[in-house]
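Notes follow the structure.
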Amino acid sequence: MSTVPILIDVAVGPAAPDATASESGARSAAGAAASTSEAGELVSIESAARIAAAAQQAGVAALRILDSAGGRRALDPSIAAAYLAGQAGDIGYLVDIATTHNAPYNVARRVLSFDRATGGRAGLVLRPGDGDEVSDAVTPRSPSLPPGRRWAEYAEVLARLWESFPRAALLGDRERARVVDPALIAGIDHEGRGYRVAGPLDGPSSVQGRPLVVAADTDLVGWDVAARSADAVIVAGTAVSGAGRALAAALERVGRRRGEVALIGRAPVTVRDARDGRAALSRLVDWAHAYDLDAVELSPTGGARGVLAAAEAVATVRSARRAPTLRAALGLQPVAAVLR
């Protein structure tokens, strides 16, 4: 059976009162029955750490750290991911971050710092939304930007900031007392409808070129915008069947190749025991091949116990070979070109 990179959803926050006791006993849930709770529950940070360790051991490509679940706000995904990476650092992390209330310079700096700390295993799922207090204060008053336009501008700012301090600028020349070559570091001087950002960042670029930018809302962002600016696209439900064709057509229109953007199919999964997990994941691997998906994202039911069982089940369908970066785990090449 051909293997497909597998990602798993995790939302970290205060667990529901009736789930606390069961979480404390969820150290090995592969052989336990999943609870009757619905998908999308918050899990405690302790349970999330066990999930991350199990996912790393099983060969999961990445955890997607959600910003909400079941109508409840989760712990800031970038904070949760930083903690989990300290427990399981050889796995990728995608953090959900919305444009709303998040200035792009701040996000670029936080995500790149996390990416450097994990050796190039980070990315973000950029969610479309409104502006932020910092950016709104310095941009001209104008009609509200459509979600796709704001998302595209935000993604461009992130990419340019992440390349504003190339790794080649690091010299480390002790004899001449030169740490960096300032000639290689440049501000981006971006002035757009939604954002004005000077830059540059204060730290070097990623070993994977740039952290990944992932689009998960093509109905709001639009296929052409996602194809132009995203490194990966997440699709779910009825959108999966036509996503391969839509992405290929959009990439052709914007002048990119199919191999430059990973297509990830997101699906709910219920895992009760090891045999059940292997069967479910085998079906999802076949599903991925049928619809030209590059990876599968699991959205497990059953709270912390169900997520842990899903993570452990991944070991039954793939080897635990680890990729050096998140891009490599998804079959993407490092980004070499600098956007100007």
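Residue numbers start at 1 in each chain; chains themselves are named A, B, ... in the order of the structure tokens; ligands are numbered from 1 in the order shown.
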
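Counting only C-alpha atoms, Ala74 (chain A) has the following residues at most 7 Å away, ignoring those fewer than 5 positions along the same chain: Ala11, Val12, Gly13, Leu42, Asp67, Ser68 and Ala69 of chain A.
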
List every residue of region 206-236 of chain A that has an atom at most 9 Å from any atom of region 252-273 of chain A, giving for each one its closest atom pair and the distance in Å to one decimal, counting only C-alpha atoms, sorted by chain and then by ascending residue number, as JSON lines.
{"residue": "A:Asp224", "atom": "CA", "partner": "A:Val254", "partner_atom": "CA", "distance": 6.9}
{"residue": "A:Val225", "atom": "CA", "partner": "A:Val254", "partner_atom": "CA", "distance": 8.8}
{"residue": "A:Ala227", "atom": "CA", "partner": "A:Val254", "partner_atom": "CA", "distance": 7.1}
{"residue": "A:Arg228", "atom": "CA", "partner": "A:Val254", "partner_atom": "CA", "distance": 6.0}
{"residue": "A:Ala230", "atom": "CA", "partner": "A:Val261", "partner_atom": "CA", "distance": 6.9}
{"residue": "A:Asp231", "atom": "CA", "partner": "A:Val261", "partner_atom": "CA", "distance": 4.8}
{"residue": "A:Ala232", "atom": "CA", "partner": "A:Ala262", "partner_atom": "CA", "distance": 4.4}
{"residue": "A:Val233", "atom": "CA", "partner": "A:Leu263", "partner_atom": "CA", "distance": 5.1}
{"residue": "A:Ile234", "atom": "CA", "partner": "A:Ile264", "partner_atom": "CA", "distance": 4.7}
{"residue": "A:Val235", "atom": "CA", "partner": "A:Gly265", "partner_atom": "CA", "distance": 5.1}
{"residue": "A:Ala236", "atom": "CA", "partner": "A:Arg266", "partner_atom": "CA", "distance": 4.9}

Take the residues that were just selected and, keeping N, CA and C atoms, output them as a PDB file, in the first residue's frame.
ATOM      1  N   ASP A 224      -7.552  31.023  -7.745  1.00  0.00           N
ATOM      2  CA  ASP A 224      -6.405  31.694  -8.358  1.00  0.00           C
ATOM      3  C   ASP A 224      -5.505  32.334  -7.308  1.00  0.00           C
ATOM      4  N   VAL A 225      -6.096  32.941  -6.284  1.00  0.00           N
ATOM      5  CA  VAL A 225      -5.310  33.548  -5.211  1.00  0.00           C
ATOM      6  C   VAL A 225      -4.531  32.471  -4.459  1.00  0.00           C
ATOM      7  N   ALA A 227      -3.662  29.514  -5.565  1.00  0.00           N
ATOM      8  CA  ALA A 227      -2.646  28.940  -6.452  1.00  0.00           C
ATOM      9  C   ALA A 227      -1.436  29.855  -6.578  1.00  0.00           C
ATOM     10  N   ARG A 228      -1.660  31.146  -6.541  1.00  0.00           N
ATOM     11  CA  ARG A 228      -0.553  32.101  -6.686  1.00  0.00           C
ATOM     12  C   ARG A 228       0.291  32.205  -5.424  1.00  0.00           C
ATOM     13  N   ALA A 230      -0.171  30.268  -2.115  1.00  0.00           N
ATOM     14  CA  ALA A 230      -0.106  29.220  -1.092  1.00  0.00           C
ATOM     15  C   ALA A 230       0.907  28.141  -1.456  1.00  0.00           C
ATOM     16  N   ASP A 231       1.426  27.495  -0.429  1.00  0.00           N
ATOM     17  CA  ASP A 231       2.275  26.324  -0.614  1.00  0.00           C
ATOM     18  C   ASP A 231       1.458  25.044  -0.535  1.00  0.00           C
ATOM     19  N   ALA A 232       0.283  25.130   0.072  1.00  0.00           N
ATOM     20  CA  ALA A 232      -0.611  23.981   0.175  1.00  0.00           C
ATOM     21  C   ALA A 232      -2.035  24.491   0.304  1.00  0.00           C
ATOM     22  N   VAL A 233      -2.976  23.657  -0.115  1.00  0.00           N
ATOM     23  CA  VAL A 233      -4.401  23.978  -0.037  1.00  0.00           C
ATOM     24  C   VAL A 233      -5.108  22.817   0.638  1.00  0.00           C
ATOM     25  N   ILE A 234      -5.950  23.127   1.626  1.00  0.00           N
ATOM     26  CA  ILE A 234      -6.737  22.114   2.320  1.00  0.00           C
ATOM     27  C   ILE A 234      -8.176  22.159   1.825  1.00  0.00           C
ATOM     28  N   VAL A 235      -8.714  21.011   1.452  1.00  0.00           N
ATOM     29  CA  VAL A 235     -10.098  20.918   0.998  1.00  0.00           C
ATOM     30  C   VAL A 235     -10.799  19.822   1.779  1.00  0.00           C
ATOM     31  N   ALA A 236     -12.119  19.923   1.871  1.00  0.00           N
ATOM     32  CA  ALA A 236     -12.880  18.945   2.652  1.00  0.00           C
ATOM     33  C   ALA A 236     -14.257  18.764   2.035  1.00  0.00           C
TER      34      ALA A 236
END

Within 12 Å of Val157 (chain A) using only C-alpha atoms, minus same-chain residues under 3 positions, as JSON, numbers by chain: {"A": [99, 103, 104, 105, 106, 107, 108, 109, 150, 151, 152, 153, 154, 160, 161, 162, 163, 164, 187, 188, 189, 190, 191, 192, 194, 195, 196, 197, 198, 199, 200, 201, 213, 229, 339, 340]}

Got time to write the residues from that selection, C-alpha atoms, as a PDB file, in the first residue's frame?
ATOM      1  CA  THR A  99      -5.775  37.971   9.558  1.00  0.00           C
ATOM      2  CA  ALA A 103      -0.547  42.270  12.227  1.00  0.00           C
ATOM      3  CA  PRO A 104       1.506  40.536   9.497  1.00  0.00           C
ATOM      4  CA  TYR A 105       4.910  41.667  10.803  1.00  0.00           C
ATOM      5  CA  ASN A 106       4.142  40.185  14.215  1.00  0.00           C
ATOM      6  CA  VAL A 107       2.919  36.931  12.690  1.00  0.00           C
ATOM      7  CA  ALA A 108       5.902  36.694  10.339  1.00  0.00           C
ATOM      8  CA  ARG A 109       8.316  37.126  13.225  1.00  0.00           C
ATOM      9  CA  ARG A 150      -6.789  40.879   2.027  1.00  0.00           C
ATOM     10  CA  TRP A 151      -5.600  37.268   2.214  1.00  0.00           C
ATOM     11  CA  ALA A 152      -3.477  37.679  -0.915  1.00  0.00           C
ATOM     12  CA  GLU A 153      -1.858  40.878   0.322  1.00  0.00           C
ATOM     13  CA  TYR A 154      -1.198  39.397   3.754  1.00  0.00           C
ATOM     14  CA  ARG A 160       8.614  38.969   1.479  1.00  0.00           C
ATOM     15  CA  LEU A 161       9.335  39.436   5.181  1.00  0.00           C
ATOM     16  CA  TRP A 162      10.508  35.840   5.476  1.00  0.00           C
ATOM     17  CA  GLU A 163      13.000  36.519   2.683  1.00  0.00           C
ATOM     18  CA  SER A 164      14.087  39.984   3.852  1.00  0.00           C
ATOM     19  CA  GLY A 187      13.255  46.203   3.931  1.00  0.00           C
ATOM     20  CA  ILE A 188      10.231  45.239   1.892  1.00  0.00           C
ATOM     21  CA  ASP A 189       8.664  48.748   1.932  1.00  0.00           C
ATOM     22  CA  HIS A 190       5.207  47.376   1.245  1.00  0.00           C
ATOM     23  CA  GLU A 191       2.373  49.882   0.828  1.00  0.00           C
ATOM     24  CA  GLY A 192      -0.925  48.280  -0.071  1.00  0.00           C
ATOM     25  CA  GLY A 194      -4.618  46.730   3.741  1.00  0.00           C
ATOM     26  CA  TYR A 195      -1.056  46.889   5.026  1.00  0.00           C
ATOM     27  CA  ARG A 196       1.989  49.124   5.231  1.00  0.00           C
ATOM     28  CA  VAL A 197       5.072  47.224   6.317  1.00  0.00           C
ATOM     29  CA  ALA A 198       8.667  48.413   6.104  1.00  0.00           C
ATOM     30  CA  GLY A 199      10.648  45.470   7.441  1.00  0.00           C
ATOM     31  CA  PRO A 200      13.054  43.728   7.361  1.00  0.00           C
ATOM     32  CA  LEU A 201      12.776  41.001   9.974  1.00  0.00           C
ATOM     33  CA  VAL A 213       1.469  29.306   3.920  1.00  0.00           C
ATOM     34  CA  SER A 229       0.354  32.498  -3.002  1.00  0.00           C
ATOM     35  CA  LEU A 339      10.286  37.817  -3.836  1.00  0.00           C
ATOM     36  CA  ARG A 340      10.847  41.473  -4.657  1.00  0.00           C
TER      37      ARG A 340
END

Kindly assemble as CSV a list of the region 43-134 of chain A residues that lie within 12 Å of region 322-338 of chain A, each paired with its nearest atom pair and their distance in Å to one decimal, using only C-alpha atoms, sorted first by chain and then by ascending residue number.
residue,atom,partner,partner_atom,distance
A:Ala55,CA,A:Arg322,CA,11.3
A:Gln56,CA,A:Arg322,CA,8.5
A:Gln57,CA,A:Arg322,CA,9.5
A:Ala58,CA,A:Arg322,CA,9.8
A:Gly59,CA,A:Arg322,CA,6.5
A:Val60,CA,A:Arg322,CA,8.6
A:Ala61,CA,A:Ala329,CA,5.9
A:Ala62,CA,A:Leu326,CA,7.5
A:Leu63,CA,A:Leu326,CA,10.6
A:Arg64,CA,A:Leu326,CA,11.9
A:Gly89,CA,A:Pro324,CA,11.0
A:Asp90,CA,A:Arg322,CA,7.3
A:Ile91,CA,A:Arg322,CA,7.7
A:Gly92,CA,A:Leu326,CA,5.3
A:Tyr93,CA,A:Leu326,CA,7.8
A:Leu94,CA,A:Leu326,CA,9.1
A:Asp115,CA,A:Thr325,CA,9.5
A:Arg116,CA,A:Thr325,CA,10.7
A:Ala117,CA,A:Thr325,CA,11.9
A:Thr118,CA,A:Thr325,CA,8.8
A:Gly119,CA,A:Thr325,CA,7.0
A:Gly120,CA,A:Thr325,CA,5.0
A:Arg121,CA,A:Leu326,CA,4.4
A:Ala122,CA,A:Leu326,CA,6.3
A:Gly123,CA,A:Leu326,CA,7.7
A:Leu124,CA,A:Leu326,CA,11.2

Nearest-residue call for Ile97 (chain A), choices A:Val10, A:Ile45, A:Val180, A:Val214, using only C-alpha atoms: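 Distance minimum relative to Ile97 (chain A) lands on A:Val214.
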
All helix (DSSP H, G or I) positions in region 57-292 of chain A, as a VMD selection string: chain A and resid 57 to 58 77 to 87 104 to 117 133 to 136 147 to 162 167 to 169 182 to 184 218 to 221 223 to 229 237 to 254 258 to 260 274 to 290

Within 12 Å of Pro14 (chain A) using only C-alpha atoms, minus same-chain residues under 6 positions, as JSON, numbers by chain: {"A": [20, 23, 41, 42, 43, 44, 45, 46, 47, 48, 68, 69, 72, 73, 74, 75, 303, 304]}

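Here CA of Glu297 (chain A) is placed at a distance of 15.8 Å from CA of Gly244 (chain A).
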
Point-to-point distance in Å for CA of Val314 (chain A) and CA of Ala279 (chain A): 10.7 Å

Between CA of Phe165 (chain A) and CA of Ser205 (chain A), distance in Å (one decimal): 5.9 Å

Contact residues around Ala53 (chain A) with only C-alpha atoms at 9 Å, ignoring same-chain residues under 6 positions, as a ChimeraX atom specification: /A:84,87-89

DSSP strand (DSSP E) residues within region 122-331 of chain A, listed as a PyMOL selection string: chain A and resi 122-127+170-173+178-180+190-191+196-197+212-215+232-236+262-269+295-300
